[in-house]
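The next block is run16.tsv, given as TSV, C-alpha atoms and all ligand atoms.
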```
chain	number	residue	atom	x	y	z
A	1	MET	CA	85.66	87.87	124.76
A	2	LYS	CA	86.37	86.63	121.25
A	3	VAL	CA	87.91	89.43	119.17
A	4	ALA	CA	88.21	89.01	115.39
A	5	ILE	CA	90.77	91.32	113.78
A	6	LEU	CA	90.18	91.65	110.04
A	7	GLY	CA	93.33	92.61	108.17
A	8	GLY	CA	95.19	90.91	111.00
A	9	THR	CA	98.06	90.15	108.62
A	10	GLY	CA	98.85	93.89	108.33
A	11	SER	CA	101.06	96.11	110.39
A	12	PHE	CA	98.34	97.38	112.74
A	13	GLY	CA	96.32	94.15	112.92
A	14	ARG	CA	99.38	92.09	113.83
A	15	ALA	CA	100.48	94.56	116.50
A	16	LEU	CA	96.97	94.69	118.02
A	17	ALA	CA	96.64	90.90	117.97
A	18	ALA	CA	100.06	90.44	119.58
A	19	ARG	CA	99.31	93.00	122.30
A	20	LEU	CA	95.89	91.54	123.18
A	21	ALA	CA	97.33	88.01	123.08
A	22	ALA	CA	100.11	89.08	125.48
A	23	VAL	CA	97.50	90.44	127.91
A	24	GLY	CA	95.79	87.08	127.62
A	25	GLU	CA	92.20	87.97	128.52
A	26	ASP	CA	90.61	87.60	125.09
A	27	GLU	CA	90.43	84.89	122.47
A	28	ILE	CA	91.97	86.42	119.34
A	29	VAL	CA	91.42	85.37	115.74
A	30	ILE	CA	92.95	87.27	112.84
A	31	GLY	CA	91.34	87.41	109.41
A	32	SER	CA	92.72	87.76	105.92
A	33	ARG	CA	91.40	87.47	102.38
A	34	ASP	CA	93.67	84.44	102.17
A	35	ARG	CA	93.28	81.62	104.73
A	36	GLU	CA	96.90	80.44	104.39
A	37	ARG	CA	98.25	83.96	104.92
A	38	ALA	CA	96.06	84.27	108.02
A	39	ARG	CA	97.24	80.94	109.40
A	40	GLU	CA	100.92	81.74	108.84
A	41	ALA	CA	100.63	85.12	110.59
A	42	ALA	CA	98.47	83.60	113.34
A	43	ALA	CA	101.05	80.87	114.03
A	44	GLU	CA	103.75	83.55	114.47
A	45	LEU	CA	101.51	85.54	116.82
A	46	GLY	CA	100.16	82.59	118.80
A	47	VAL	CA	96.52	83.32	117.92
A	48	ALA	CA	93.96	81.72	115.58
A	49	GLY	CA	93.69	82.65	111.89
A	50	ASP	CA	91.04	82.28	109.19
A	51	THR	CA	89.49	84.04	106.23
A	52	ASN	CA	87.82	87.36	107.11
A	53	GLU	CA	84.41	85.66	106.77
A	54	GLY	CA	85.52	82.71	108.92
A	55	ALA	CA	87.09	84.95	111.57
A	56	VAL	CA	83.89	86.87	112.30
A	57	ALA	CA	81.90	83.69	113.04
A	58	GLY	CA	81.13	83.61	116.78
A	59	ALA	CA	83.10	86.81	117.48
A	60	ASP	CA	81.88	89.20	120.21
A	61	LEU	CA	83.71	92.13	118.61
A	62	VAL	CA	85.05	92.56	115.08
A	63	VAL	CA	87.94	94.99	114.60
A	64	LEU	CA	88.08	96.22	111.01
A	65	ALA	CA	91.81	96.83	110.49
A	66	VAL	CA	92.19	96.40	106.74
A	67	LYS	CA	93.81	98.96	104.45
A	68	ALA	CA	91.49	101.97	104.83
A	69	GLU	CA	90.61	102.31	101.15
A	70	THR	CA	89.25	98.75	101.24
A	71	ALA	CA	87.39	98.96	104.58
A	72	LEU	CA	83.94	99.57	103.07
A	73	GLU	CA	84.36	96.77	100.54
A	74	THR	CA	85.56	94.38	103.30
A	75	ALA	CA	82.68	95.38	105.60
A	76	ARG	CA	80.25	94.61	102.77
A	77	ALA	CA	81.89	91.24	102.17
A	78	VAL	CA	81.59	90.12	105.82
A	79	ALA	CA	78.27	91.84	106.62
A	80	HIS	CA	76.18	88.69	106.20
A	81	ALA	CA	78.54	86.49	108.25
A	82	MET	CA	78.73	89.16	111.00
A	83	GLY	CA	75.00	89.52	111.50
A	84	GLU	CA	74.46	91.81	114.51
A	85	THR	CA	78.04	91.64	115.87
A	86	PRO	CA	79.51	95.01	116.90
A	87	LEU	CA	82.30	96.35	114.68
A	88	LEU	CA	85.15	98.62	115.75
A	89	SER	CA	86.53	100.65	112.84
A	90	VAL	CA	90.14	101.81	113.32
A	91	ALA	CA	90.53	102.87	109.70
A	92	THR	CA	91.23	106.36	108.37
A	93	VAL	CA	91.47	107.43	104.76
A	94	LEU	CA	94.37	109.88	104.42
A	95	VAL	CA	95.34	112.03	101.47
A	96	PHE	CA	99.11	112.27	101.02
A	97	SER	CA	100.66	115.20	99.16
A	98	LYS	CA	104.03	116.90	99.00
A	99	ASP	CA	102.68	119.57	101.37
A	100	GLY	CA	101.66	117.07	104.02
A	101	VAL	CA	98.89	114.68	104.98
A	102	ARG	CA	95.24	115.74	104.86
A	103	PRO	CA	92.02	114.10	106.07
A	104	ASP	CA	89.53	112.42	103.75
A	105	PRO	CA	87.52	115.20	102.02
A	106	ASP	CA	84.29	113.15	102.43
A	107	ALA	CA	82.00	115.01	104.88
A	108	ARG	CA	80.93	111.74	106.56
A	109	SER	CA	83.43	109.57	108.35
A	110	LEU	CA	84.45	106.18	107.02
A	111	ALA	CA	82.90	104.63	110.16
A	112	GLU	CA	79.48	106.20	109.39
A	113	ARG	CA	79.69	104.87	105.85
A	114	ILE	CA	80.58	101.43	107.22
A	115	GLN	CA	77.47	101.63	109.42
A	116	ASP	CA	75.44	101.94	106.19
A	117	VAL	CA	76.57	98.47	105.04
A	118	VAL	CA	76.57	96.31	108.22
A	119	ARG	CA	73.65	95.38	110.51
A	120	GLY	CA	75.56	95.38	113.81
A	121	PRO	CA	76.45	98.61	115.63
A	122	VAL	CA	79.62	100.37	114.47
A	123	VAL	CA	81.95	102.12	116.88
A	124	ALA	CA	85.15	103.89	115.84
A	125	GLY	CA	88.42	104.54	117.58
A	126	VAL	CA	92.04	103.67	118.30
A	127	HIS	CA	92.99	105.71	115.19
A	128	SER	CA	95.59	107.67	117.16
A	129	VAL	CA	97.50	104.56	118.29
A	130	ALA	CA	100.46	103.69	116.05
A	131	ALA	CA	101.22	100.04	115.33
A	132	ALA	CA	104.77	100.80	116.52
A	133	SER	CA	103.42	101.98	119.90
A	134	LEU	CA	101.48	98.73	120.30
A	135	ARG	CA	104.65	96.78	119.50
A	136	GLY	CA	106.40	98.69	122.29
A	137	GLY	CA	104.38	96.89	125.00
A	138	ALA	CA	101.73	98.35	127.33
A	139	LEU	CA	100.35	101.48	125.76
A	140	ASP	CA	101.19	104.79	127.44
A	141	GLU	CA	98.49	106.90	125.80
A	142	ASP	CA	94.70	107.22	125.75
A	143	VAL	CA	92.38	105.46	123.33
A	144	LEU	CA	89.29	107.39	122.15
A	145	ILE	CA	86.23	105.48	120.98
A	146	CYS	CA	82.93	106.90	119.72
A	147	GLY	CA	79.66	105.24	118.75
A	148	ASP	CA	75.89	105.50	118.99
A	149	ASP	CA	75.22	102.09	120.56
A	150	ARG	CA	76.03	102.13	124.28
A	151	GLU	CA	76.56	98.38	124.68
A	152	ALA	CA	78.83	98.12	121.65
A	153	LYS	CA	80.85	101.10	122.81
A	154	GLU	CA	81.25	99.67	126.33
A	155	LEU	CA	82.38	96.36	124.81
A	156	ALA	CA	85.00	98.06	122.64
A	157	LEU	CA	86.12	100.29	125.54
A	158	SER	CA	86.60	97.28	127.82
A	159	ALA	CA	88.62	95.39	125.18
A	160	MET	CA	90.80	98.40	124.30
A	161	ALA	CA	91.32	99.32	127.98
A	162	ARG	CA	93.42	96.16	128.15
A	163	LEU	CA	96.03	97.67	125.82
A	164	GLY	CA	97.93	99.41	128.57
A	165	ALA	CA	98.41	102.17	131.05
A	166	GLY	CA	96.41	104.84	129.21
A	167	ARG	CA	92.66	105.26	129.46
A	168	ALA	CA	90.03	104.01	127.03
A	169	LEU	CA	87.62	106.95	126.82
A	170	ASP	CA	84.10	107.41	125.47
A	171	ALA	CA	84.29	110.15	122.81
A	172	GLY	CA	80.54	110.43	122.22
A	173	PRO	CA	78.38	109.59	119.20
A	174	LEU	CA	79.56	107.98	115.97
A	175	ALA	CA	79.48	111.35	114.15
A	176	ASN	CA	82.61	112.19	116.17
A	177	ALA	CA	84.47	109.62	114.07
A	178	ARG	CA	84.82	112.55	111.62
A	179	THR	CA	87.05	114.24	114.19
A	180	LEU	CA	88.87	111.10	115.34
A	181	GLU	CA	89.64	110.08	111.76
A	182	GLY	CA	90.68	113.68	110.95
A	183	MET	CA	92.96	113.71	113.99
A	184	THR	CA	94.91	110.86	112.41
A	185	ALA	CA	96.05	113.22	109.66
A	186	VAL	CA	97.32	115.60	112.34
A	187	ILE	CA	99.19	112.79	114.09
A	188	VAL	CA	100.79	111.50	110.89
A	189	ASN	CA	102.06	115.03	110.14
A	190	LEU	CA	103.52	115.21	113.67
A	191	ASN	CA	105.16	111.81	113.22
A	192	ARG	CA	106.75	112.93	109.97
A	193	ARG	CA	107.89	116.35	111.19
A	194	TYR	CA	109.29	115.22	114.55
A	195	LYS	CA	110.23	111.60	113.74
A	196	VAL	CA	108.08	110.21	116.56
A	197	HIS	CA	105.13	107.87	117.07
A	198	ALA	CA	102.77	110.48	118.53
A	199	GLY	CA	99.65	109.53	120.48
A	200	VAL	CA	96.92	111.29	122.43
A	201	ARG	CA	96.71	111.90	126.18
A	202	ILE	CA	93.64	113.80	127.44
A	203	SER	CA	94.28	116.10	130.41
A	204	GLY	CA	91.88	116.89	133.26
A	205	PHE	CA	91.51	113.40	134.67
A	206	HIS	CA	92.76	113.15	138.23
A	207	GLU	CA	93.95	109.78	139.48
A	301	LIG	N1	99.55	101.40	110.87
A	301	LIG	C1	99.17	102.11	111.94
A	301	LIG	O1	100.02	102.54	112.75
A	301	LIG	C2	97.69	102.37	112.19
A	301	LIG	C3	97.30	103.01	113.37
A	301	LIG	C4	95.94	103.19	113.63
A	301	LIG	C5	95.00	102.75	112.70
A	301	LIG	N2	95.42	102.18	111.54
A	301	LIG	C6	94.42	101.70	110.57
A	301	LIG	O2	94.50	100.30	110.56
A	301	LIG	C7	94.25	99.80	109.25
A	301	LIG	C8	95.39	98.89	108.84
A	301	LIG	O3	96.59	99.62	108.76
A	301	LIG	P1	97.93	98.88	108.30
A	301	LIG	O4	99.00	99.88	108.37
A	301	LIG	O5	98.06	97.59	109.04
A	301	LIG	O6	97.56	98.58	106.77
A	301	LIG	P2	98.15	97.52	105.77
A	301	LIG	O7	99.27	96.75	106.39
A	301	LIG	O8	98.38	98.25	104.48
A	301	LIG	O9	96.90	96.57	105.47
A	301	LIG	C9	96.29	95.77	106.42
A	301	LIG	C10	95.66	94.58	105.71
A	301	LIG	O10	94.63	95.00	104.81
A	301	LIG	C11	94.39	93.92	103.92
A	301	LIG	N3	94.15	94.40	102.55
A	301	LIG	C12	95.05	94.99	101.72
A	301	LIG	N4	94.47	95.25	100.53
A	301	LIG	C13	93.19	94.81	100.63
A	301	LIG	C14	92.10	94.77	99.73
A	301	LIG	N5	92.19	95.24	98.48
A	301	LIG	N6	90.93	94.24	100.19
A	301	LIG	C15	90.82	93.76	101.45
A	301	LIG	N7	91.83	93.74	102.33
A	301	LIG	C16	93.00	94.28	101.92
A	301	LIG	C17	95.64	93.04	103.92
A	301	LIG	O11	95.26	91.78	104.46
A	301	LIG	P3	95.17	90.45	103.54
A	301	LIG	O12	96.01	90.72	102.31
A	301	LIG	O13	95.79	89.41	104.41
A	301	LIG	O14	93.74	90.27	103.27
A	301	LIG	C18	96.60	93.77	104.84
A	301	LIG	O15	97.41	92.90	105.60
A	301	LIG	C19	94.10	101.01	108.33
A	301	LIG	O16	92.74	101.19	108.05
A	301	LIG	C20	94.65	102.17	109.13
A	301	LIG	O17	93.97	103.37	108.86
A	301	LIG	C21	96.73	101.95	111.28
```
Mind turning this structure into C-alpha cells?
Ligand SMILES: NC(=O)c1ccc[n+]([C@@H]2O[C@H](COP(=O)([O-])OP(=O)(O)OC[C@H]3O[C@@H](n4cnc5c(N)ncnc54)[C@H](OP(=O)(O)O)[C@@H]3O)[C@@H](O)[C@H]2O)c1
Amino acid sequence: MKVAILGGTGSFGRALAARLAAVGEDEIVIGSRDRERAREAAAELGVAGDTNEGAVAGADLVVLAVKAETALETARAVAHAMGETPLLSVATVLVFSKDGVRPDPDARSLAERIQDVVRGPVVAGVHSVAAASLRGGALDEDVLICGDDREAKELALSAMARLGAGRALDAGPLANARTLEGMTAVIVNLNRRYKVHAGVRISGFHE
C-alpha cells in the first residue's frame, strides 16, 4: 500500500519511514511543509518526498506524525487533498513540568478532534512506540490502534504489523485514543525515570 507520512522529516516520521522501507512491502512517501526538506530527507531514507499536500495524493493511508501541537492545523491544511483517505494519528499533546509529564487536559483526544476536521476515517495508535525503538530494527513490543471505522483500522493494523515481532492490536473505538494518548505521558515518565525507551506488551495472548 502507499503510506504517506506527514512530518516525515521529524524524529518519529523518519524512523517510521526507514523501518517500513526496510521491510519493503509498502510504497512510502514522506511529507513536509517544505518540498526541498522532504526531498533531502527522502533521499537519505530511500523513499519519496513531497509537500504534505503532495504526499497525501493517491495514498492509501496517511500517517499524521507532525509535532503534536500542530497536528490539527496540519490535518486542516491537507483535508481537501486527502478526501476520504484514512488517517492514522500517532500524535500526543504532553504537558511538561518540573514534577513530570502529564497528559493533555482536554477531555477529548487529539485524534477525535482531528476527526472533526477531515472527511476520511481517523484511527489512532503507535503512540507507545519510541522513534529510538523503531531505529533499533524490528520492533519487540505491541502496537495498539483504535478507531471507529473497521476498514480503516484493519488497514492501519496491517501496515503497522509489519514493524516487527510484536503484535498490532485492535484497541476498540476512537474514544480510546484518550487512553492511548494519556498512556504516552506514563511512558515518557518511565523513560525519564529509568533511562529507557519503554514500550507496551499486552499479556494473555498465547502463541
Ligand atoms: N518521537 C517519538 O519517539 C514519538 C513516538 C510516538 C509518537 N510520536 C508522535 O509523533 C509526532 C512527531 O514526533 P517527533 O518527535 O518526530 O516531532 P518533531 O521532530 O518535533 O516534529 C515532526 C515534524 O513536524 C513538523 N512540524 C514542526 N512544526 C510544525 C508546524 N508548526 N506546522 C506543521 N508541521 C510542523 C516538522 O516537519 P517540517 O518542518 O518538515 O514540516 C517536523 O519535522 C508527534 O505528534 C509525537 O507525539 C513521537
Between atom CA of A:Arg102 and atom CA of A:Leu72 lies a distance of 19.8 Å
Exercise for review: For A:Gly120, list every protein, DNA or RNA residue within 6 Å, evaluated using only C-alpha atoms, and leave out those in the same chain fewer than 2 positions away; present the list as a list in words.
Suggested key: Glu84, Thr85, Pro86 and Val118 of chain A
Open item on the list: Could you list, as a ChimeraX atom specification, every residue within 9 Å of A:Gly49, counting only C-alpha atoms and ignoring same-chain residues fewer than 6 positions away?
Closed with: /A:8,28-32,35-43,55
For this session: List all protein, DNA and RNA residues that have an atom no more than 8 Å from any atom of ligand LIG 301 (chain A), counting all atoms listed in the file, and report them as number ranges by chain.
Result: A: 6-14, 31-34, 37-38, 52, 64-71, 73-74, 89-94, 126-133, 184
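From atom CA of A:Ala111 back to atom CA of A:Ser97, the distance works out to 23.4 Å.
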